[in-house]
Protein chains: 2
Amino acid sequence: MSEEVSLSLDDVRRLSIDVLKAGCLSSEQAEAIAAVIYAAQRDECHSHGVYRLLGCVRSVKEGKVNPNAVPDVVDHAPAIVRVDAHYGFSPLAFERGKPLLVEKARKLGLAAMAINNCFHFSALWPEVEAISEMGLVALAMTPSHSWVAPAGGRKPIFGTNPIAFAWPRPDGPPFVFDFATSAIARGEIELHRRAGKAIPTGWAIDSEGNSTNDAAAALAGAMLTFGGHKGSALSAMIELMAGPLIGGMTSAESMTFDEGVGAAPCHGELILAFDPKVFLGGDAAPHVDSAERMFESIVGQGARLPSQRRYEARVRSEAHGVRIPKTLYDDLLTLLPR
Amino acid sequence: MSEEVSLSLDDVRRLSIDVLKAGCLSSEQAEAIAAVIYAAQRDECHSHGVYRLLGCVRSVKEGKVNPNAVPDVVDHAPAIVRVDAHYGFSPLAFERGKPLLVEKARKLGLAAMAINNCFHFSALWPEVEAISEMGLVALAMTPSHSWVAPAGGRKPIFGTNPIAFAWPRPDGPPFVFDFATSAIARGEIELHRRAGKAIPTGWAIDSEGNSTNDAAAALAGAMLTFGGHKGSALSAMIELMAGPLIGGMTSAESMTFDEGVGAAPCHGELILAFDPKVFLGGDAAPHVDSAERMFESIVGQGARLPSQRRYEARVRSEAHGVRIPKTLYDDLLTLLPR
């Protein structure tokens with residue numbers, strides 16, 4: 001087993017902020033991003049934890065991402081908050097827009113936040129989870145870069161297009177899912193290629209449109225959506241809702257915008273918030289219970305709720321801190337000021 | 001080839017209204033249901049066309065469905081229309097609530113319609129398509145009866161839980177999808193059982209939770225969702241959003257409510273409408289074009305858009321009418337007054 005370093009969660013936050021500031025991000029940007037990295041490391045989502053700091057700092061160096069962006073929050077329409085992220089990373093834009101989104105949803109019953117011109121930073125679950133902490137139901141989605149072919153096609157058009165959902169629960173953390181509509185994360189195919197391993201059938205096709213188990217051929221061809229034509233339809237919906245509907249780029253347009261730099265996707269993001277108290281009025285309790293009975297009937301038969309593993313990790317990390325590979329820790333230290 | 005009868009689309013509508021009225025549905029209910037049957041028969045969705053009249057009339061006879069229900073439309077909250085269908089079929093409730101939903105979405109940017117206490121009638125595409133005809137984007141979902149096991153489980157909890165989406169297009173019919181989150185329609189498994197045919201792996205499990213190719217064992221066990229744990233998560237979202245969030249039953253509760261009668265599922269329905277004109281203001285045209293380019297890049301590589309087959313059928317039916325099996329036609333005639 002390779003050597004590891006133990007860090008407290010406070011260490012994780014401080015290290016993240018220090019690395020990001022040293023990487024020329026403003027204090028506000030660094031703190032918002034560090035909060036998301038902290039949450040991911042705590043929940044043992046390693047690819048979105050402190051490891052992500054390396055890519056984040058590199059993206060800034062590549063010159064596409066604005067490290068000092070100050071997001072503008074606009075009260076765009078009665079049920080719509082718009083946030084112009086000004087080509088910064090997404091966490092600060094989300095954080096700045098959230099209070100108005102929550103206020104609108106509580107007043108109207110539901111509301112939307114459209115984030116424009118942001119660079120993709122991380123998973124969507126920290127965002128839907130943050131909204132559910134306010135007692136609201138949340139649904140979020142974004143396009144990415146055009147790596148995924150539509151069902152029946154062979155050319156990549158769609159992004160990995162994640163969709164995330166959160167439902168607040170009375171006792172304990174919310175019901176949350178967050179998944180890519182691609183069959184698998186692009187990074188997984190990359191890992192298989194590096195390891196010289198075959199990829200399973202169903203992940204991708206080669207540039208001729210034929211099913212392939214060769215990771216390099218897959219990366220040169222197109223990824224597939226999960227769930228065949230249904231997953232493909234869902235991915236198209238995410239393109240439309242978090243792209244043209246909110247004045248953002250589609251995944252294909254974002255790929256063109258990248259100009260081959262290979263930076264994080266620049267895109268829009270659509271976040272919907274629903275207030276059960278407005279939907280249900282004084283009648284909420286039996287329906288909250290009904291949702292709880294559904295969760296119990298899932299867990300009670302030995303199936304898992306989508307974020308269960310993450311919440312178990314959270315409990316461990318909050319008690320004992322986290323462990324990261326020493327090589328990663330050393331790489332991060334090189335990014336700090338001497 | 002079995003004998004067929006040619007009908008004009010007018011014949012389809014008239015026949016549907018006559019059969020429904022003879023089956024004791026009120027004129028308003030009959031006309032709203034006939035409009036949906038007409039659309040399905042026209043688009044060659046045979047299982048939702050005039051064939052559906054047989055089940056519709058039978059459901060009324062079984063005493064669960066209120067054939068004279070007059071839906072109540074309530075302006076529940078600034079962004080929420082509620083419609084109490086009073087245990088009638090869904091089409092009239094939808095039709096009555098639609099104008100206020102559209103008005104709210106145009107004013108606020110987005111709005112929700114929650115239909116309560118309705119009996120499932122048909123596919124959701126006629127509803128999202130009707131909203132897109134008003135220039136709005138629509139998303140609709142409903143629970144059904146608990147026939148589907150969650151990923152990793154073996155007991156049925158979820159319904160076949162359809163989700164439908166429509167995006168208006170400037171020239172021609174909208175981009176529409178409408179799919180069950182189960183791997184397959186329950187009726188397909190039933191057809192395999194009757195024909196003594198094996199079902200493909202991935203459709204269902206037996207009552208022990210083992211994968212099965214036996215249709216009868218599948219019907220006694222549980223269906224599976226499409227797309228593994230991702231489809232399962234989506235199905236749970238539909239349960240929550242179109243169930244507890246709007247004060248409706250989950251699929252398990254609806255199954256209990258049915259008391260073994262085997263009627264159509266009684267459930268709520270959530271329909272969201274988004275106005276691109278409000279989201280985009282005067283800036284809409286380039287983004288509408290961007291969506292069109294995405295559609296072109298799908299079709300241009302030989303893949304199909306989700307409703308393409310249905311729209312092709314529509315063109316045929318509008319030119320030449322429809323053909324239905326003579327046995328079905330004769331069965332329908334027996335339901336008319338002598």
# chains A, B, ... in the order shown; residues from 1 in each chain; ligands from 1
>>> interface_residues(of="chain A", to="chain B", cutoff="6 Å", atoms="only C-alpha atoms", output="list in words")
Pro78, Ala79, Leu108, Gly109, Gly152, Gly153, Phe226, Gly227, Pro244, Leu245, Ile246, Pro276, Phe279, His287, Gln301 and Ala303 of chain A
>>> write_last_selection(atoms="N, CA and C atoms", output="compact mmCIF listing (two decimals), in the first residue's frame")
# COMPACT_ATOMS: atom_id res chain seq x y z
N PRO A 78 -39.85 37.29 -12.31
CA PRO A 78 -40.37 36.92 -10.98
C PRO A 78 -39.87 35.56 -10.48
N ALA A 79 -39.76 34.55 -11.38
CA ALA A 79 -39.34 33.22 -10.91
C ALA A 79 -37.93 32.85 -11.36
N LEU A 108 -43.02 31.88 -4.39
CA LEU A 108 -43.84 31.50 -5.55
C LEU A 108 -44.21 30.02 -5.57
N GLY A 109 -43.41 29.19 -4.87
CA GLY A 109 -43.63 27.75 -4.92
C GLY A 109 -42.49 27.05 -5.64
N GLY A 152 -28.18 5.69 -31.66
CA GLY A 152 -28.34 5.46 -33.09
C GLY A 152 -27.37 6.25 -33.95
N GLY A 153 -26.54 7.09 -33.30
CA GLY A 153 -25.59 7.90 -34.05
C GLY A 153 -24.16 7.44 -33.81
N PHE A 226 -25.94 6.45 -20.93
CA PHE A 226 -26.49 5.32 -20.17
C PHE A 226 -27.90 5.08 -20.72
N GLY A 227 -28.39 3.86 -20.54
CA GLY A 227 -29.81 3.59 -20.79
C GLY A 227 -30.30 3.78 -22.22
N PRO A 244 -29.60 26.29 -24.58
CA PRO A 244 -30.38 27.34 -25.24
C PRO A 244 -31.46 27.99 -24.36
N LEU A 245 -32.14 27.23 -23.50
CA LEU A 245 -33.20 27.85 -22.68
C LEU A 245 -32.66 28.98 -21.83
N ILE A 246 -31.44 28.83 -21.32
CA ILE A 246 -30.90 29.86 -20.42
C ILE A 246 -29.85 30.72 -21.12
N PRO A 276 -41.76 22.53 -0.82
CA PRO A 276 -42.87 21.64 -0.45
C PRO A 276 -43.89 22.33 0.46
N PHE A 279 -46.23 24.01 -1.90
CA PHE A 279 -47.02 23.01 -2.62
C PHE A 279 -48.08 22.38 -1.72
N HIS A 287 -47.38 13.72 3.87
CA HIS A 287 -46.70 13.48 2.60
C HIS A 287 -45.18 13.34 2.80
N GLN A 301 -35.20 -3.42 2.06
CA GLN A 301 -35.03 -4.64 1.26
C GLN A 301 -33.57 -4.83 0.87
N ALA A 303 -31.52 -2.66 -0.57
CA ALA A 303 -31.01 -1.78 -1.64
C ALA A 303 -30.45 -0.52 -0.99
>>> select_by_dssp(residues="stretch 1-114 of chain B", states="strand (DSSP E)", output="PyMOL selection string")
chain B and resi 4-7+72-77+80-84+110-114
>>> select_by_dssp(residues="stretch 89-305 of chain B", states="helix (DSSP H, G or I)", output="VMD selection string")
chain B and resid 90 to 108 125 to 132 186 to 195 215 to 220 228 to 241 244 to 246 251 to 258 276 to 299
>>> atom_distance(atom1="atom CA of B:Arg13", atom2="atom CA of B:Ala34")
5.9 Å
>>> atom_distance(atom1="atom CA of B:Ser235", atom2="atom CA of B:Met223")
12.4 Å
>>> atom_distance(atom1="atom CA of A:Pro174", atom2="atom CA of A:Val36")
17.0 Å
>>> residues_around(residues="A:Glu312", least_positions_apart="5", cutoff="12 Å", atoms="only C-alpha atoms", output="list in words")
Arg42, Asp43, Glu44, Cys45, Gly172, Pro173, Arg304, Leu305, Pro306, Ser307, Ser317, Glu318 and Ala319 of chain A
>>> write_last_selection(atoms="C-alpha atoms", output="mmCIF file, in the first residue's frame")
data_model
loop_
_atom_site.group_PDB
_atom_site.id
_atom_site.type_symbol
_atom_site.label_atom_id
_atom_site.label_comp_id
_atom_site.auth_asym_id
_atom_site.auth_seq_id
_atom_site.Cartn_x
_atom_site.Cartn_y
_atom_site.Cartn_z
ATOM 1 C CA ARG A 42 -14.993 14.581 3.372
ATOM 2 C CA ASP A 43 -17.442 12.362 1.459
ATOM 3 C CA GLU A 44 -14.547 10.374 -0.078
ATOM 4 C CA CYS A 45 -15.329 11.506 -3.620
ATOM 5 C CA GLY A 172 -30.603 13.362 8.650
ATOM 6 C CA PRO A 173 -29.124 14.123 5.269
ATOM 7 C CA ARG A 304 -29.044 1.432 -1.162
ATOM 8 C CA LEU A 305 -30.154 5.021 -1.478
ATOM 9 C CA PRO A 306 -28.050 6.887 -4.059
ATOM 10 C CA SER A 307 -25.879 8.893 -1.627
ATOM 11 C CA SER A 317 -14.307 11.754 8.014
ATOM 12 C CA GLU A 318 -15.986 13.974 10.566
ATOM 13 C CA ALA A 319 -14.828 11.639 13.321
#
>>> residues_around(residues="A:Glu269", least_positions_apart="6", cutoff="6 Å", atoms="only C-alpha atoms", output="list in words")
Ala114, Ile115, Met141, Thr142 and Ala242 of chain A
>>> residues_around(residues="B:Phe121", least_positions_apart="5", cutoff="8 Å", atoms="only C-alpha atoms", output="short mmCIF file (atom, residue, chain, number, x, y, z; two decimals) with all heavy atoms, in the first residue's frame")
data_model
loop_
_atom_site.label_atom_id
_atom_site.label_comp_id
_atom_site.auth_asym_id
_atom_site.auth_seq_id
_atom_site.Cartn_x
_atom_site.Cartn_y
_atom_site.Cartn_z
N CYS B 56 -60.93 1.83 -20.97
CA CYS B 56 -61.48 3.05 -20.39
C CYS B 56 -62.92 2.81 -19.91
O CYS B 56 -63.28 3.13 -18.77
CB CYS B 56 -61.42 4.11 -21.49
SG CYS B 56 -61.82 5.74 -20.94
N PHE B 89 -60.66 10.65 -15.13
CA PHE B 89 -59.45 10.46 -15.93
C PHE B 89 -58.73 11.80 -16.08
O PHE B 89 -59.32 12.87 -15.90
CB PHE B 89 -59.82 9.90 -17.32
CG PHE B 89 -60.17 8.44 -17.29
CD1 PHE B 89 -61.45 8.00 -17.63
CD2 PHE B 89 -59.23 7.49 -16.94
CE1 PHE B 89 -61.78 6.66 -17.61
CE2 PHE B 89 -59.54 6.14 -16.92
CZ PHE B 89 -60.82 5.72 -17.26
N SER B 90 -57.45 11.71 -16.45
CA SER B 90 -56.61 12.90 -16.43
C SER B 90 -56.84 13.93 -17.56
O SER B 90 -56.62 15.12 -17.33
CB SER B 90 -55.14 12.49 -16.42
OG SER B 90 -54.86 11.56 -17.45
N PRO B 91 -57.27 13.54 -18.78
CA PRO B 91 -57.24 14.54 -19.87
C PRO B 91 -58.06 15.82 -19.60
O PRO B 91 -57.59 16.92 -19.91
CB PRO B 91 -57.79 13.77 -21.08
CG PRO B 91 -57.39 12.35 -20.82
CD PRO B 91 -57.57 12.19 -19.34
N ALA B 264 -56.88 1.42 -13.77
CA ALA B 264 -55.76 2.29 -14.11
C ALA B 264 -55.23 2.91 -12.82
O ALA B 264 -56.00 3.14 -11.88
CB ALA B 264 -56.23 3.38 -15.06
#
>>> decode(residues="stretch 222-269 of chain A", atoms="N, CA and C atoms", output="PDB file, in the first residue's frame")
ATOM      1  N   ALA A 222     -16.641   8.036 -29.803  1.00  0.00           N
ATOM      2  CA  ALA A 222     -17.649   8.728 -28.999  1.00  0.00           C
ATOM      3  C   ALA A 222     -18.067   7.862 -27.830  1.00  0.00           C
ATOM      4  N   MET A 223     -18.333   8.495 -26.717  1.00  0.00           N
ATOM      5  CA  MET A 223     -18.915   7.801 -25.577  1.00  0.00           C
ATOM      6  C   MET A 223     -20.396   7.568 -25.869  1.00  0.00           C
ATOM      7  N   LEU A 224     -21.011   6.659 -25.116  1.00  0.00           N
ATOM      8  CA  LEU A 224     -22.450   6.414 -25.237  1.00  0.00           C
ATOM      9  C   LEU A 224     -23.166   6.929 -23.999  1.00  0.00           C
ATOM     10  N   THR A 225     -24.456   7.184 -24.136  1.00  0.00           N
ATOM     11  CA  THR A 225     -25.234   7.557 -22.953  1.00  0.00           C
ATOM     12  C   THR A 225     -25.550   6.291 -22.163  1.00  0.00           C
ATOM     13  N   PHE A 226     -25.938   6.450 -20.927  1.00  0.00           N
ATOM     14  CA  PHE A 226     -26.493   5.322 -20.171  1.00  0.00           C
ATOM     15  C   PHE A 226     -27.902   5.078 -20.717  1.00  0.00           C
ATOM     16  N   GLY A 227     -28.389   3.862 -20.542  1.00  0.00           N
ATOM     17  CA  GLY A 227     -29.812   3.590 -20.794  1.00  0.00           C
ATOM     18  C   GLY A 227     -30.302   3.782 -22.221  1.00  0.00           C
ATOM     19  N   GLY A 228     -29.426   3.596 -23.213  1.00  0.00           N
ATOM     20  CA  GLY A 228     -29.874   3.586 -24.612  1.00  0.00           C
ATOM     21  C   GLY A 228     -30.628   4.841 -25.023  1.00  0.00           C
ATOM     22  N   HIS A 229     -31.724   4.668 -25.777  1.00  0.00           N
ATOM     23  CA  HIS A 229     -32.406   5.846 -26.336  1.00  0.00           C
ATOM     24  C   HIS A 229     -33.054   6.703 -25.243  1.00  0.00           C
ATOM     25  N   LYS A 230     -33.358   6.097 -24.099  1.00  0.00           N
ATOM     26  CA  LYS A 230     -33.954   6.895 -23.013  1.00  0.00           C
ATOM     27  C   LYS A 230     -32.907   7.835 -22.400  1.00  0.00           C
ATOM     28  N   GLY A 231     -31.729   7.292 -22.127  1.00  0.00           N
ATOM     29  CA  GLY A 231     -30.643   8.128 -21.611  1.00  0.00           C
ATOM     30  C   GLY A 231     -30.256   9.207 -22.612  1.00  0.00           C
ATOM     31  N   SER A 232     -30.311   8.851 -23.879  1.00  0.00           N
ATOM     32  CA  SER A 232     -29.979   9.807 -24.935  1.00  0.00           C
ATOM     33  C   SER A 232     -30.995  10.953 -24.974  1.00  0.00           C
ATOM     34  N   ALA A 233     -32.263  10.621 -24.832  1.00  0.00           N
ATOM     35  CA  ALA A 233     -33.311  11.646 -24.805  1.00  0.00           C
ATOM     36  C   ALA A 233     -33.115  12.585 -23.619  1.00  0.00           C
ATOM     37  N   LEU A 234     -32.775  11.998 -22.491  1.00  0.00           N
ATOM     38  CA  LEU A 234     -32.555  12.781 -21.276  1.00  0.00           C
ATOM     39  C   LEU A 234     -31.358  13.721 -21.449  1.00  0.00           C
ATOM     40  N   SER A 235     -30.314  13.214 -22.093  1.00  0.00           N
ATOM     41  CA  SER A 235     -29.128  14.024 -22.329  1.00  0.00           C
ATOM     42  C   SER A 235     -29.464  15.206 -23.244  1.00  0.00           C
ATOM     43  N   ALA A 236     -30.310  14.956 -24.253  1.00  0.00           N
ATOM     44  CA  ALA A 236     -30.755  16.050 -25.143  1.00  0.00           C
ATOM     45  C   ALA A 236     -31.538  17.094 -24.350  1.00  0.00           C
ATOM     46  N   MET A 237     -32.372  16.635 -23.434  1.00  0.00           N
ATOM     47  CA  MET A 237     -33.138  17.575 -22.599  1.00  0.00           C
ATOM     48  C   MET A 237     -32.201  18.467 -21.786  1.00  0.00           C
ATOM     49  N   ILE A 238     -31.150  17.872 -21.233  1.00  0.00           N
ATOM     50  CA  ILE A 238     -30.198  18.648 -20.425  1.00  0.00           C
ATOM     51  C   ILE A 238     -29.480  19.675 -21.296  1.00  0.00           C
ATOM     52  N   GLU A 239     -29.092  19.274 -22.518  1.00  0.00           N
ATOM     53  CA  GLU A 239     -28.497  20.234 -23.463  1.00  0.00           C
ATOM     54  C   GLU A 239     -29.418  21.442 -23.652  1.00  0.00           C
ATOM     55  N   LEU A 240     -30.710  21.152 -23.861  1.00  0.00           N
ATOM     56  CA  LEU A 240     -31.667  22.208 -24.197  1.00  0.00           C
ATOM     57  C   LEU A 240     -31.984  23.095 -22.990  1.00  0.00           C
ATOM     58  N   MET A 241     -32.218  22.451 -21.853  1.00  0.00           N
ATOM     59  CA  MET A 241     -32.650  23.197 -20.665  1.00  0.00           C
ATOM     60  C   MET A 241     -31.516  24.028 -20.074  1.00  0.00           C
ATOM     61  N   ALA A 242     -30.318  23.458 -20.033  1.00  0.00           N
ATOM     62  CA  ALA A 242     -29.193  24.179 -19.418  1.00  0.00           C
ATOM     63  C   ALA A 242     -28.319  24.819 -20.494  1.00  0.00           C
ATOM     64  N   GLY A 243     -28.792  24.790 -21.743  1.00  0.00           N
ATOM     65  CA  GLY A 243     -28.097  25.434 -22.855  1.00  0.00           C
ATOM     66  C   GLY A 243     -28.982  26.538 -23.430  1.00  0.00           C
ATOM     67  N   PRO A 244     -29.598  26.289 -24.578  1.00  0.00           N
ATOM     68  CA  PRO A 244     -30.382  27.336 -25.241  1.00  0.00           C
ATOM     69  C   PRO A 244     -31.464  27.994 -24.361  1.00  0.00           C
ATOM     70  N   LEU A 245     -32.135  27.230 -23.505  1.00  0.00           N
ATOM     71  CA  LEU A 245     -33.197  27.847 -22.684  1.00  0.00           C
ATOM     72  C   LEU A 245     -32.663  28.980 -21.828  1.00  0.00           C
ATOM     73  N   ILE A 246     -31.442  28.834 -21.319  1.00  0.00           N
ATOM     74  CA  ILE A 246     -30.902  29.860 -20.424  1.00  0.00           C
ATOM     75  C   ILE A 246     -29.849  30.722 -21.123  1.00  0.00           C
ATOM     76  N   GLY A 247     -29.800  30.625 -22.459  1.00  0.00           N
ATOM     77  CA  GLY A 247     -28.846  31.455 -23.193  1.00  0.00           C
ATOM     78  C   GLY A 247     -27.418  30.972 -23.063  1.00  0.00           C
ATOM     79  N   GLY A 248     -27.251  29.679 -22.785  1.00  0.00           N
ATOM     80  CA  GLY A 248     -25.907  29.113 -22.647  1.00  0.00           C
ATOM     81  C   GLY A 248     -25.512  28.313 -23.872  1.00  0.00           C
ATOM     82  N   MET A 249     -24.277  27.835 -23.869  1.00  0.00           N
ATOM     83  CA  MET A 249     -23.778  27.043 -24.982  1.00  0.00           C
ATOM     84  C   MET A 249     -24.231  25.593 -24.859  1.00  0.00           C
ATOM     85  N   THR A 250     -24.413  24.950 -26.009  1.00  0.00           N
ATOM     86  CA  THR A 250     -24.548  23.492 -25.996  1.00  0.00           C
ATOM     87  C   THR A 250     -23.149  22.905 -25.773  1.00  0.00           C
ATOM     88  N   SER A 251     -23.082  21.609 -25.548  1.00  0.00           N
ATOM     89  CA  SER A 251     -21.780  20.952 -25.337  1.00  0.00           C
ATOM     90  C   SER A 251     -20.897  21.085 -26.572  1.00  0.00           C
ATOM     91  N   ALA A 252     -21.496  21.046 -27.755  1.00  0.00           N
ATOM     92  CA  ALA A 252     -20.719  21.189 -28.994  1.00  0.00           C
ATOM     93  C   ALA A 252     -20.158  22.613 -29.091  1.00  0.00           C
ATOM     94  N   GLU A 253     -20.978  23.586 -28.748  1.00  0.00           N
ATOM     95  CA  GLU A 253     -20.502  24.977 -28.781  1.00  0.00           C
ATOM     96  C   GLU A 253     -19.409  25.217 -27.741  1.00  0.00           C
ATOM     97  N   SER A 254     -19.547  24.579 -26.577  1.00  0.00           N
ATOM     98  CA  SER A 254     -18.551  24.734 -25.529  1.00  0.00           C
ATOM     99  C   SER A 254     -17.214  24.116 -25.955  1.00  0.00           C
ATOM    100  N   MET A 255     -17.309  22.989 -26.685  1.00  0.00           N
ATOM    101  CA  MET A 255     -16.093  22.336 -27.197  1.00  0.00           C
ATOM    102  C   MET A 255     -15.379  23.265 -28.185  1.00  0.00           C
ATOM    103  N   THR A 256     -16.131  23.917 -29.046  1.00  0.00           N
ATOM    104  CA  THR A 256     -15.547  24.864 -29.997  1.00  0.00           C
ATOM    105  C   THR A 256     -14.906  26.047 -29.257  1.00  0.00           C
ATOM    106  N   PHE A 257     -15.608  26.539 -28.249  1.00  0.00           N
ATOM    107  CA  PHE A 257     -15.146  27.657 -27.434  1.00  0.00           C
ATOM    108  C   PHE A 257     -13.809  27.330 -26.758  1.00  0.00           C
ATOM    109  N   ASP A 258     -13.603  26.059 -26.437  1.00  0.00           N
ATOM    110  CA  ASP A 258     -12.379  25.617 -25.747  1.00  0.00           C
ATOM    111  C   ASP A 258     -11.138  25.736 -26.633  1.00  0.00           C
ATOM    112  N   GLU A 259     -11.353  25.731 -27.933  1.00  0.00           N
ATOM    113  CA  GLU A 259     -10.246  25.860 -28.908  1.00  0.00           C
ATOM    114  C   GLU A 259      -9.128  24.853 -28.677  1.00  0.00           C
ATOM    115  N   GLY A 260      -9.487  23.650 -28.247  1.00  0.00           N
ATOM    116  CA  GLY A 260      -8.488  22.592 -28.097  1.00  0.00           C
ATOM    117  C   GLY A 260      -7.585  22.715 -26.883  1.00  0.00           C
ATOM    118  N   VAL A 261      -7.863  23.675 -26.018  1.00  0.00           N
ATOM    119  CA  VAL A 261      -7.025  23.860 -24.826  1.00  0.00           C
ATOM    120  C   VAL A 261      -7.184  22.689 -23.859  1.00  0.00           C
ATOM    121  N   GLY A 262      -8.402  22.138 -23.833  1.00  0.00           N
ATOM    122  CA  GLY A 262      -8.653  21.037 -22.898  1.00  0.00           C
ATOM    123  C   GLY A 262      -8.952  21.517 -21.496  1.00  0.00           C
ATOM    124  N   ALA A 263      -9.458  22.744 -21.386  1.00  0.00           N
ATOM    125  CA  ALA A 263      -9.847  23.277 -20.071  1.00  0.00           C
ATOM    126  C   ALA A 263     -11.168  22.629 -19.640  1.00  0.00           C
ATOM    127  N   ALA A 264     -11.591  22.951 -18.412  1.00  0.00           N
ATOM    128  CA  ALA A 264     -12.898  22.500 -17.948  1.00  0.00           C
ATOM    129  C   ALA A 264     -13.959  23.094 -18.876  1.00  0.00           C
ATOM    130  N   PRO A 265     -15.081  22.370 -19.093  1.00  0.00           N
ATOM    131  CA  PRO A 265     -16.127  22.923 -19.960  1.00  0.00           C
ATOM    132  C   PRO A 265     -16.667  24.251 -19.434  1.00  0.00           C
ATOM    133  N   CYS A 266     -16.845  25.188 -20.332  1.00  0.00           N
ATOM    134  CA  CYS A 266     -17.519  26.453 -20.012  1.00  0.00           C
ATOM    135  C   CYS A 266     -18.974  26.265 -20.403  1.00  0.00           C
ATOM    136  N   HIS A 267     -19.870  26.525 -19.479  1.00  0.00           N
ATOM    137  CA  HIS A 267     -21.277  26.235 -19.773  1.00  0.00           C
ATOM    138  C   HIS A 267     -22.203  27.033 -18.884  1.00  0.00           C
ATOM    139  N   GLY A 268     -23.474  26.849 -19.101  1.00  0.00           N
ATOM    140  CA  GLY A 268     -24.478  27.369 -18.201  1.00  0.00           C
ATOM    141  C   GLY A 268     -24.931  26.248 -17.279  1.00  0.00           C
ATOM    142  N   GLU A 269     -25.720  26.623 -16.313  1.00  0.00           N
ATOM    143  CA  GLU A 269     -26.256  25.621 -15.399  1.00  0.00           C
ATOM    144  C   GLU A 269     -27.660  26.050 -15.020  1.00  0.00           C
TER     145      GLU A 269
END
